[in-house]
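Raw contents of start-v4.cif, mmCIF, C-alpha atoms and all ligand atoms; chains and numbers go by the auth columns:
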data_my_file
loop_
_atom_site.group_PDB
_atom_site.id
_atom_site.type_symbol
_atom_site.label_atom_id
_atom_site.label_comp_id
_atom_site.label_asym_id
_atom_site.label_seq_id
_atom_site.Cartn_x
_atom_site.Cartn_y
_atom_site.Cartn_z
_atom_site.B_iso_or_equiv
_atom_site.auth_seq_id
_atom_site.auth_asym_id
ATOM 1 C CA MET A 1 103.233 111.830 79.363 0.00 1 A
ATOM 2 C CA GLY A 2 105.252 109.304 77.400 0.00 2 A
ATOM 3 C CA PHE A 3 106.617 107.852 80.619 0.00 3 A
ATOM 4 C CA ALA A 4 103.187 107.807 82.254 0.00 4 A
ATOM 5 C CA VAL A 5 101.720 105.736 79.421 0.00 5 A
ATOM 6 C CA SER A 6 104.690 103.430 79.535 0.00 6 A
ATOM 7 C CA ASP A 7 104.232 102.911 83.294 0.00 7 A
ATOM 8 C CA GLU A 8 100.590 102.017 82.751 0.00 8 A
ATOM 9 C CA LEU A 9 101.565 99.510 80.108 0.00 9 A
ATOM 10 C CA LEU A 10 104.147 98.061 82.490 0.00 10 A
ATOM 11 C CA GLY A 11 101.491 97.872 85.209 0.00 11 A
ATOM 12 C CA THR A 12 99.570 95.615 82.834 0.00 12 A
ATOM 13 C CA VAL A 13 102.380 93.535 81.362 0.00 13 A
ATOM 14 C CA VAL A 14 104.810 93.094 84.290 0.00 14 A
ATOM 15 C CA PRO A 15 102.287 91.236 86.512 0.00 15 A
ATOM 16 C CA ILE A 16 101.685 88.741 83.675 0.00 16 A
ATOM 17 C CA VAL A 17 105.423 88.062 83.427 0.00 17 A
ATOM 18 C CA VAL A 18 105.649 87.872 87.228 0.00 18 A
ATOM 19 C CA TYR A 19 102.759 85.356 87.241 0.00 19 A
ATOM 20 C CA TRP A 20 104.570 82.896 84.996 0.00 20 A
ATOM 21 C CA ILE A 21 107.989 83.332 86.627 0.00 21 A
ATOM 22 C CA TYR A 22 106.646 82.958 90.175 0.00 22 A
ATOM 23 C CA SER A 23 104.342 80.043 89.371 0.00 23 A
ATOM 24 C CA GLY A 24 107.122 78.449 87.295 0.00 24 A
ATOM 25 C CA MET A 25 109.326 78.568 90.367 0.00 25 A
ATOM 26 C CA TYR A 26 106.621 76.805 92.365 0.00 26 A
ATOM 27 C CA MET A 27 106.194 74.115 89.732 0.00 27 A
ATOM 28 C CA CYS A 28 109.893 73.302 90.197 0.00 28 A
ATOM 29 C CA LEU A 29 109.291 72.973 93.952 0.00 29 A
ATOM 30 C CA GLY A 30 106.126 70.885 93.457 0.00 30 A
ATOM 31 C CA SER A 31 107.934 67.605 94.072 0.00 31 A
ATOM 32 C CA PHE A 32 108.605 68.582 97.692 0.00 32 A
ATOM 33 C CA GLU A 33 106.183 65.937 98.969 0.00 33 A
ATOM 34 C CA ASN A 34 106.830 66.878 102.586 0.00 34 A
ATOM 35 C CA TYR A 35 105.301 70.326 102.156 0.00 35 A
ATOM 36 C CA ARG A 36 102.367 69.569 99.850 0.00 36 A
ATOM 37 C CA LEU A 37 98.767 70.046 101.035 0.00 37 A
ATOM 38 C CA HIS A 38 97.590 67.159 98.786 0.00 38 A
ATOM 39 C CA SER A 39 99.347 64.196 97.264 0.00 39 A
ATOM 40 C CA LYS A 40 100.284 64.146 93.564 0.00 40 A
ATOM 41 C CA SER A 41 97.748 61.373 92.963 0.00 41 A
ATOM 42 C CA ASP A 42 95.013 63.475 94.593 0.00 42 A
ATOM 43 C CA GLU A 43 95.919 66.275 92.209 0.00 43 A
ATOM 44 C CA GLU A 44 95.459 63.973 89.227 0.00 44 A
ATOM 45 C CA GLU A 45 92.292 62.281 90.481 0.00 45 A
ATOM 46 C CA LYS A 46 90.363 65.230 91.896 0.00 46 A
ATOM 47 C CA ASN A 47 91.095 67.972 89.371 0.00 47 A
ATOM 48 C CA LEU A 48 88.579 68.175 86.565 0.00 48 A
ATOM 49 C CA VAL A 49 90.759 69.905 83.984 0.00 49 A
ATOM 50 C CA SER A 50 94.131 69.206 82.361 0.00 50 A
ATOM 51 C CA LYS A 51 97.204 71.379 82.909 0.00 51 A
ATOM 52 C CA LEU A 52 97.366 72.247 79.208 0.00 52 A
ATOM 53 C CA THR A 53 93.775 73.526 79.296 0.00 53 A
ATOM 54 C CA VAL A 54 94.654 75.591 82.384 0.00 54 A
ATOM 55 C CA VAL A 55 97.710 77.151 80.676 0.00 55 A
ATOM 56 C CA LYS A 56 95.683 78.025 77.587 0.00 56 A
ATOM 57 C CA GLY A 57 92.789 79.343 79.690 0.00 57 A
ATOM 58 C CA VAL A 58 95.032 81.582 81.802 0.00 58 A
ATOM 59 C CA LEU A 59 96.938 82.920 78.769 0.00 59 A
ATOM 60 C CA PHE A 60 93.706 83.740 76.943 0.00 60 A
ATOM 61 C CA GLN A 61 92.342 85.511 79.984 0.00 61 A
ATOM 62 C CA GLN A 62 95.552 87.494 80.525 0.00 62 A
ATOM 63 C CA LEU A 63 95.562 88.614 76.882 0.00 63 A
ATOM 64 C CA LEU A 64 91.931 89.692 77.110 0.00 64 A
ATOM 65 C CA GLN A 65 92.479 91.544 80.387 0.00 65 A
ATOM 66 C CA ALA A 66 95.592 93.292 79.038 0.00 66 A
ATOM 67 C CA ALA A 67 93.688 94.355 75.912 0.00 67 A
ATOM 68 C CA VAL A 68 90.809 95.755 77.992 0.00 68 A
ATOM 69 C CA ALA A 69 93.219 97.563 80.338 0.00 69 A
ATOM 70 C CA ILE A 70 95.103 99.135 77.420 0.00 70 A
ATOM 71 C CA LEU A 71 91.799 100.151 75.851 0.00 71 A
ATOM 72 C CA LEU A 72 90.797 101.806 79.130 0.00 72 A
ATOM 73 C CA PHE A 73 94.079 103.731 79.290 0.00 73 A
ATOM 74 C CA THR A 74 93.549 104.900 75.718 0.00 74 A
ATOM 75 C CA VAL A 75 89.973 106.015 76.350 0.00 75 A
ATOM 76 C CA THR A 76 90.789 107.809 79.620 0.00 76 A
ATOM 77 C CA GLY A 77 93.993 109.256 78.177 0.00 77 A
ATOM 78 C CA GLY A 78 95.963 107.582 80.931 0.00 78 A
ATOM 79 C CA HIS A 79 94.440 109.773 83.641 0.00 79 A
ATOM 80 C CA ALA A 80 91.944 107.818 85.678 0.00 80 A
ATOM 81 C CA GLY A 81 91.986 110.271 88.569 0.00 81 A
ATOM 82 C CA ALA A 82 95.347 109.196 89.913 0.00 82 A
ATOM 83 C CA SER A 83 98.379 111.449 90.089 0.00 83 A
ATOM 84 C CA SER A 84 101.170 110.723 87.629 0.00 84 A
ATOM 85 C CA GLN A 85 103.950 111.537 90.120 0.00 85 A
ATOM 86 C CA GLN A 86 105.192 108.886 92.498 0.00 86 A
ATOM 87 C CA PRO A 87 105.141 110.384 96.023 0.00 87 A
ATOM 88 C CA SER A 88 108.522 110.516 97.738 0.00 88 A
ATOM 89 C CA SER A 89 107.078 110.006 101.236 0.00 89 A
ATOM 90 C CA PHE A 90 107.171 106.409 102.420 0.00 90 A
ATOM 91 C CA ILE A 91 104.078 106.993 104.588 0.00 91 A
ATOM 92 C CA VAL A 92 102.064 108.156 101.569 0.00 92 A
ATOM 93 C CA LEU A 93 103.246 105.212 99.456 0.00 93 A
ATOM 94 C CA ALA A 94 102.482 102.725 102.238 0.00 94 A
ATOM 95 C CA SER A 95 99.013 104.157 102.836 0.00 95 A
ATOM 96 C CA GLN A 96 98.261 103.971 99.104 0.00 96 A
ATOM 97 C CA PHE A 97 99.388 100.364 99.087 0.00 97 A
ATOM 98 C CA VAL A 98 97.272 99.439 102.120 0.00 98 A
ATOM 99 C CA THR A 99 94.235 101.305 100.749 0.00 99 A
ATOM 100 C CA ALA A 100 94.574 99.446 97.430 0.00 100 A
ATOM 101 C CA MET A 101 94.815 96.126 99.314 0.00 101 A
ATOM 102 C CA LEU A 102 91.663 96.883 101.321 0.00 102 A
ATOM 103 C CA VAL A 103 89.741 97.982 98.225 0.00 103 A
ATOM 104 C CA MET A 104 90.775 94.874 96.284 0.00 104 A
ATOM 105 C CA ASP A 105 89.926 92.562 99.192 0.00 105 A
ATOM 106 C CA THR A 106 86.522 94.175 99.685 0.00 106 A
ATOM 107 C CA TRP A 107 85.628 93.983 95.998 0.00 107 A
ATOM 108 C CA GLN A 108 86.809 90.407 95.684 0.00 108 A
ATOM 109 C CA TYR A 109 85.144 89.161 98.876 0.00 109 A
ATOM 110 C CA PHE A 110 81.646 90.329 98.009 0.00 110 A
ATOM 111 C CA LEU A 111 81.824 89.421 94.343 0.00 111 A
ATOM 112 C CA HIS A 112 83.434 86.051 95.053 0.00 112 A
ATOM 113 C CA ARG A 113 80.804 85.230 97.680 0.00 113 A
ATOM 114 C CA TYR A 114 78.032 86.295 95.298 0.00 114 A
ATOM 115 C CA PHE A 115 79.500 84.007 92.619 0.00 115 A
ATOM 116 C CA HIS A 116 78.937 81.139 95.055 0.00 116 A
ATOM 117 C CA GLU A 117 75.505 82.173 96.313 0.00 117 A
ATOM 118 C CA ASN A 118 74.017 82.843 92.890 0.00 118 A
ATOM 119 C CA LYS A 119 73.695 79.348 91.406 0.00 119 A
ATOM 120 C CA PHE A 120 73.498 80.623 87.823 0.00 120 A
ATOM 121 C CA LEU A 121 76.729 82.606 88.164 0.00 121 A
ATOM 122 C CA TYR A 122 78.399 79.731 89.969 0.00 122 A
ATOM 123 C CA ARG A 123 77.459 77.206 87.298 0.00 123 A
ATOM 124 C CA HIS A 124 78.342 79.420 84.344 0.00 124 A
ATOM 125 C CA LEU A 125 81.306 81.409 85.649 0.00 125 A
ATOM 126 C CA HIS A 126 82.929 80.586 88.964 0.00 126 A
ATOM 127 C CA SER A 127 82.715 76.772 88.805 0.00 127 A
ATOM 128 C CA ARG A 128 85.538 76.957 86.257 0.00 128 A
ATOM 129 C CA HIS A 129 87.989 78.102 88.941 0.00 129 A
ATOM 130 C CA HIS A 130 86.779 75.279 91.196 0.00 130 A
ATOM 131 C CA ARG A 131 87.624 72.602 88.644 0.00 131 A
ATOM 132 C CA LEU A 132 90.932 72.730 90.512 0.00 132 A
ATOM 133 C CA VAL A 133 90.008 70.978 93.753 0.00 133 A
ATOM 134 C CA VAL A 134 93.734 70.607 94.359 0.00 134 A
ATOM 135 C CA PRO A 135 95.085 74.060 93.458 0.00 135 A
ATOM 136 C CA TYR A 136 98.533 74.588 91.976 0.00 136 A
ATOM 137 C CA ALA A 137 100.439 77.788 91.331 0.00 137 A
ATOM 138 C CA PHE A 138 99.748 78.493 87.639 0.00 138 A
ATOM 139 C CA GLY A 139 96.081 77.624 88.133 0.00 139 A
ATOM 140 C CA ALA A 140 95.669 80.691 90.361 0.00 140 A
ATOM 141 C CA LEU A 141 94.064 82.765 87.623 0.00 141 A
ATOM 142 C CA TYR A 142 92.246 79.924 85.903 0.00 142 A
ATOM 143 C CA ASN A 143 88.836 81.601 85.722 0.00 143 A
ATOM 144 C CA HIS A 144 86.077 82.186 83.256 0.00 144 A
ATOM 145 C CA PRO A 145 87.272 85.195 81.181 0.00 145 A
ATOM 146 C CA LEU A 146 84.237 87.228 82.239 0.00 146 A
ATOM 147 C CA GLU A 147 84.964 86.462 85.876 0.00 147 A
ATOM 148 C CA GLY A 148 88.578 87.508 85.336 0.00 148 A
ATOM 149 C CA LEU A 149 87.403 90.849 83.978 0.00 149 A
ATOM 150 C CA LEU A 150 84.901 91.451 86.785 0.00 150 A
ATOM 151 C CA LEU A 151 87.022 90.212 89.669 0.00 151 A
ATOM 152 C CA ASP A 152 90.545 91.200 88.641 0.00 152 A
ATOM 153 C CA THR A 153 90.330 93.945 86.017 0.00 153 A
ATOM 154 C CA VAL A 154 87.500 95.911 87.642 0.00 154 A
ATOM 155 C CA GLY A 155 88.887 95.188 91.127 0.00 155 A
ATOM 156 C CA GLY A 156 92.335 96.323 89.999 0.00 156 A
ATOM 157 C CA ALA A 157 90.958 99.495 88.412 0.00 157 A
ATOM 158 C CA LEU A 158 89.045 100.365 91.601 0.00 158 A
ATOM 159 C CA SER A 159 92.099 99.736 93.800 0.00 159 A
ATOM 160 C CA PHE A 160 94.197 101.912 91.508 0.00 160 A
ATOM 161 C CA MET A 161 91.710 104.786 91.400 0.00 161 A
ATOM 162 C CA LEU A 162 90.560 104.818 95.021 0.00 162 A
ATOM 163 C CA SER A 163 94.068 104.533 96.460 0.00 163 A
ATOM 164 C CA GLY A 164 95.256 107.443 94.320 0.00 164 A
ATOM 165 C CA MET A 165 98.456 105.591 93.459 0.00 165 A
ATOM 166 C CA CYS A 166 100.387 106.591 90.365 0.00 166 A
ATOM 167 C CA PRO A 167 100.976 104.177 87.456 0.00 167 A
ATOM 168 C CA ARG A 168 104.573 103.562 88.596 0.00 168 A
ATOM 169 C CA THR A 169 103.391 102.408 92.036 0.00 169 A
ATOM 170 C CA SER A 170 100.717 100.266 90.405 0.00 170 A
ATOM 171 C CA ILE A 171 103.416 98.175 88.672 0.00 171 A
ATOM 172 C CA TYR A 172 104.607 97.116 92.140 0.00 172 A
ATOM 173 C CA PHE A 173 101.133 96.782 93.594 0.00 173 A
ATOM 174 C CA PHE A 174 99.723 94.603 90.801 0.00 174 A
ATOM 175 C CA SER A 175 102.900 92.497 90.751 0.00 175 A
ATOM 176 C CA PHE A 176 102.602 91.980 94.492 0.00 176 A
ATOM 177 C CA ALA A 177 98.887 91.100 94.234 0.00 177 A
ATOM 178 C CA THR A 178 99.814 88.590 91.504 0.00 178 A
ATOM 179 C CA ILE A 179 102.518 86.999 93.667 0.00 179 A
ATOM 180 C CA LYS A 180 100.076 86.786 96.584 0.00 180 A
ATOM 181 C CA THR A 181 97.369 85.153 94.451 0.00 181 A
ATOM 182 C CA VAL A 182 99.807 82.618 92.991 0.00 182 A
ATOM 183 C CA ASP A 183 101.146 81.901 96.480 0.00 183 A
ATOM 184 C CA ASP A 184 97.633 81.241 97.802 0.00 184 A
ATOM 185 C CA HIS A 185 97.213 78.542 95.142 0.00 185 A
ATOM 186 C CA CYS A 186 100.691 77.029 95.311 0.00 186 A
ATOM 187 C CA GLY A 187 99.526 73.936 97.217 0.00 187 A
ATOM 188 C CA LEU A 188 102.594 74.022 99.478 0.00 188 A
ATOM 189 C CA MET A 189 103.203 75.102 103.049 0.00 189 A
ATOM 190 C CA LEU A 190 106.891 75.902 102.873 0.00 190 A
ATOM 191 C CA PRO A 191 108.593 76.776 106.152 0.00 191 A
ATOM 192 C CA GLY A 192 109.726 80.386 106.400 0.00 192 A
ATOM 193 C CA ASN A 193 107.528 81.643 103.555 0.00 193 A
ATOM 194 C CA PRO A 194 107.516 85.385 104.383 0.00 194 A
ATOM 195 C CA LEU A 195 103.987 85.808 103.002 0.00 195 A
ATOM 196 C CA HIS A 196 102.748 83.246 105.535 0.00 196 A
ATOM 197 C CA ILE A 197 104.362 85.240 108.327 0.00 197 A
ATOM 198 C CA PHE A 198 102.606 88.469 107.375 0.00 198 A
ATOM 199 C CA PHE A 199 99.278 87.143 106.099 0.00 199 A
ATOM 200 C CA ARG A 200 96.873 84.655 107.691 0.00 200 A
ATOM 201 C CA ASN A 201 95.277 84.316 104.276 0.00 201 A
ATOM 202 C CA ASN A 202 97.642 81.750 102.792 0.00 202 A
ATOM 203 C CA SER A 203 97.717 78.561 100.702 0.00 203 A
ATOM 204 C CA ALA A 204 96.132 76.436 103.471 0.00 204 A
ATOM 205 C CA TYR A 205 93.421 79.027 104.146 0.00 205 A
ATOM 206 C CA HIS A 206 92.472 79.163 100.466 0.00 206 A
ATOM 207 C CA ASP A 207 92.848 75.390 100.071 0.00 207 A
ATOM 208 C CA VAL A 208 89.928 74.983 102.487 0.00 208 A
ATOM 209 C CA HIS A 209 87.804 77.071 100.109 0.00 209 A
ATOM 210 C CA HIS A 210 88.751 74.860 97.147 0.00 210 A
ATOM 211 C CA GLN A 211 87.562 71.674 98.869 0.00 211 A
ATOM 212 C CA LEU A 212 84.032 70.440 98.242 0.00 212 A
ATOM 213 C CA TYR A 213 83.025 71.184 101.848 0.00 213 A
ATOM 214 C CA GLY A 214 84.591 74.646 101.701 0.00 214 A
ATOM 215 C CA SER A 215 82.401 76.427 99.177 0.00 215 A
ATOM 216 C CA LYS A 216 80.647 78.463 101.894 0.00 216 A
ATOM 217 C CA TYR A 217 83.845 79.495 103.643 0.00 217 A
ATOM 218 C CA ASN A 218 87.057 81.432 103.252 0.00 218 A
ATOM 219 C CA PHE A 219 85.954 83.695 100.407 0.00 219 A
ATOM 220 C CA SER A 220 88.516 86.352 101.373 0.00 220 A
ATOM 221 C CA GLN A 221 91.265 86.931 98.841 0.00 221 A
ATOM 222 C CA PRO A 222 93.983 87.827 98.148 0.00 222 A
ATOM 223 C CA PHE A 223 95.365 89.657 101.217 0.00 223 A
ATOM 224 C CA PHE A 224 93.466 89.705 104.509 0.00 224 A
ATOM 225 C CA VAL A 225 90.877 87.479 106.187 0.00 225 A
ATOM 226 C CA MET A 226 88.904 90.367 107.717 0.00 226 A
ATOM 227 C CA TRP A 227 85.680 90.013 105.728 0.00 227 A
ATOM 228 C CA ASP A 228 85.414 86.293 106.481 0.00 228 A
ATOM 229 C CA ARG A 229 85.891 87.036 110.150 0.00 229 A
ATOM 230 C CA ILE A 230 83.476 89.994 110.253 0.00 230 A
ATOM 231 C CA LEU A 231 80.739 88.163 108.341 0.00 231 A
ATOM 232 C CA GLY A 232 81.155 84.713 109.910 0.00 232 A
ATOM 233 C CA THR A 233 82.391 82.830 106.835 0.00 233 A
ATOM 234 C CA CYS A 234 85.819 82.033 108.224 0.00 234 A
ATOM 235 C CA MET A 235 86.545 78.304 108.545 0.00 235 A
ATOM 236 C CA PRO A 236 89.337 77.672 111.030 0.00 236 A
ATOM 237 C CA TYR A 237 91.585 74.714 110.310 0.00 237 A
ATOM 238 C CA SER A 238 94.434 72.815 111.829 0.00 238 A
ATOM 239 C CA LEU A 239 97.427 71.819 109.791 0.00 239 A
ATOM 240 C CA GLU A 240 97.813 68.060 110.264 0.00 240 A
ATOM 241 C CA LYS A 241 100.631 65.896 108.980 0.00 241 A
ATOM 242 C CA ARG A 242 99.560 63.385 106.330 0.00 242 A
ATOM 243 C CA ALA A 243 100.751 59.777 106.624 0.00 243 A
ATOM 244 C CA GLU A 244 102.356 59.924 103.133 0.00 244 A
ATOM 245 C CA GLY A 245 104.175 63.154 104.005 0.00 245 A
ATOM 246 C CA GLY A 246 103.098 66.759 103.689 0.00 246 A
ATOM 247 C CA PHE A 247 100.155 68.439 105.395 0.00 247 A
ATOM 248 C CA GLU A 248 96.412 68.611 105.320 0.00 248 A
ATOM 249 C CA ALA A 249 94.326 71.667 106.255 0.00 249 A
ATOM 250 C CA ARG A 250 91.591 70.041 108.349 0.00 250 A
ATOM 251 C CA PRO A 251 88.515 72.131 109.329 0.00 251 A
ATOM 252 C CA THR A 252 88.047 72.507 113.070 0.00 252 A
ATOM 253 C CA LYS A 253 84.454 73.754 112.970 0.00 253 A
ATOM 254 C CA GLU A 254 81.217 72.043 111.866 0.00 254 A
ATOM 255 C CA PHE A 255 80.467 73.133 108.305 0.00 255 A
ATOM 256 C CA LYS A 256 77.059 73.717 106.805 0.00 256 A
ATOM 257 C CA GLU A 257 75.795 71.150 104.295 0.00 257 A
ATOM 258 C CA ASP A 258 73.936 72.210 101.145 0.00 258 A
HETATM 259 ZN ZN ZN B . 85.264 80.240 95.036 0.00 301 B
HETATM 260 ZN ZN ZN B . 91.237 79.849 94.216 0.00 302 B
#
How would this structure read if it were set down as structure tokens?
Ligand SMILES: [Zn+2]
Ligand SMILES: [Zn+2]
Amino acid sequence: MGFAVSDELLGTVVPIVVYWIYSGMYMCLGSFENYRLHSKSDEEEKNLVSKLTVVKGVLFQQLLQAAVAILLFTVTGGHAGASSQQPSSFIVLASQFVTAMLVMDTWQYFLHRYFHENKFLYRHLHSRHHRLVVPYAFGALYNHPLEGLLLDTVGGALSFMLSGMCPRTSIYFFSFATIKTVDDHCGLMLPGNPLHIFFRNNSAYHDVHHQLYGSKYNFSQPFFVMWDRILGTCMPYSLEKRAEGGFEARPTKEFKED
């Protein structure tokens, strides 16, 4: 029991640490002009919020989400329907992981899309995330705190419960989901990035969504692009070289105007 509670706490705290380490690594790589999706000056001109405000916003949200998660563990006694034993079979572990990814993607797609289609929710909640027209790694979780709770905390809880994974596995799953989310906002297309080999949903794919023309497209996050493809909201793009160096994700389909 003591270990189970400690694993649940780790499942909450480790992804926060991973977030800052992984995004910190990307900030060090940010000067690699030849791999950036936008120039530095674009980042300064187009973004509507300062980096300090983003750091404070993300930290506040992470604290709030951790507090809510710990409260949930306390109320449920640490047993939210999942088994406390980590399965030894690789097949079982892998299927739990994939199930959790599909649950999280499904939850996030429909809620994210609704946050765009409902003008009230967009204006009051989701527009905060879109203040970053030029995304960067530690801005990945810059959201309205209520959106963070609905999208990430509830989505995470559902993935955890429906996949049947144990708290120990969830430490790895939530850390991986955090790495994937940060990577999708890193603003770089680095050659050989293993996540870009396995996932079509990557930093260029999500960059399209962050552009002003992209608010009706590429809602899928953080893993697969299936819901965009099934429901016709996928915006294909070509990766063009920019004159100043780096790349640009340029849409290859007509997009709908407002
Ligand atoms: Zn959005
Ligand atoms: Zn984003």
Quiz prompt | 7 Å contact set for segment 241-251 of chain A, all atoms listed in the file, chain neighbours under 6 positions out, as a VMD selection string | solution = chain A and resid 33 to 38 204 208 235
Practice problem: Check the smallest atom-to-atom distance from each of A:Leu63, A:Leu141, A:Ala177, A:Leu102 to ligand ZN 302 (chain B) using all atoms listed in the file, then report the winner. | Solution: A:Leu141
Quiz prompt | Pairwise distance for atom CA of Lys40 of chain A and atom CA of Tyr122 of chain A, rounded to one decimal in Å | solution =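 Rounded to one decimal, the two atoms are 27.1 Å apart.
What the PyMOL selection byres (((not hetatm)) within 8 of (chain B and resi 302)) matches in the given file is His129, His130, Pro135, Ala140, Leu141, Asp184, His185, His206, Asp207, His209 and His210 of chain A.
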Practice problem: Step by step, measure atom-to-atom distances between ligand ZN 301 (chain B) and each residue using all atoms listed in the file, keep those at most 10 Å, then write them as a list of chain:residue names. | Solution: A:Tyr109, A:Leu111, A:His112, A:Arg113, A:Tyr114, A:Phe115, A:His116, A:Tyr122, A:His126, A:Ser127, A:Arg128, A:His129, A:His130, A:His206, A:His209, A:His210, A:Gln211, A:Gly214, A:Ser215, A:Lys216, A:Tyr217, A:Asn218, A:Phe219, A:Ser220, A:Gln221
Practice problem: Enumerate, as a PyMOL selection string, the residues matched when the PyMOL selection byres (((chain A and resi 200) around 12) and not hetatm) is run on the file above. | Solution: chain A and resi 180+184+193-199+201-206+218+220-226+228-229+234+236-237
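Closest approach to Lys56 of chain A from the set A:Cys166, A:Thr153, A:Cys186, A:Tyr142 is made by A:Tyr142, with distances taken over all atoms listed in the file.
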Exercise. Using the chain letters and residue numbers of this document, give as a list of chain:residue names the residues selected by the PyMOL selection byres (((chain A and resi 55) around 12) and not hetatm).
Key: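 Matching residues under the PyMOL selection byres (((chain A and resi 55) around 12) and not hetatm) are A:Tyr19, A:Trp20, A:Ser23, A:Gly24, A:Val49, A:Ser50, A:Lys51, A:Leu52, A:Thr53, A:Val54, A:Lys56, A:Gly57, A:Val58, A:Leu59, A:Phe60, A:Gln61, A:Gln62, A:Tyr136, A:Ala137, A:Phe138, A:Gly139, A:Ala140, A:Leu141, A:Tyr142, A:Asn143.
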Quiz item: Of the candidates A:Thr99, A:Gln108, A:Ser163, A:Thr12, which shows the shortest atom-to-atom distance to Ala69 of chain A, using all atoms listed in the file?
Solution: A:Thr12
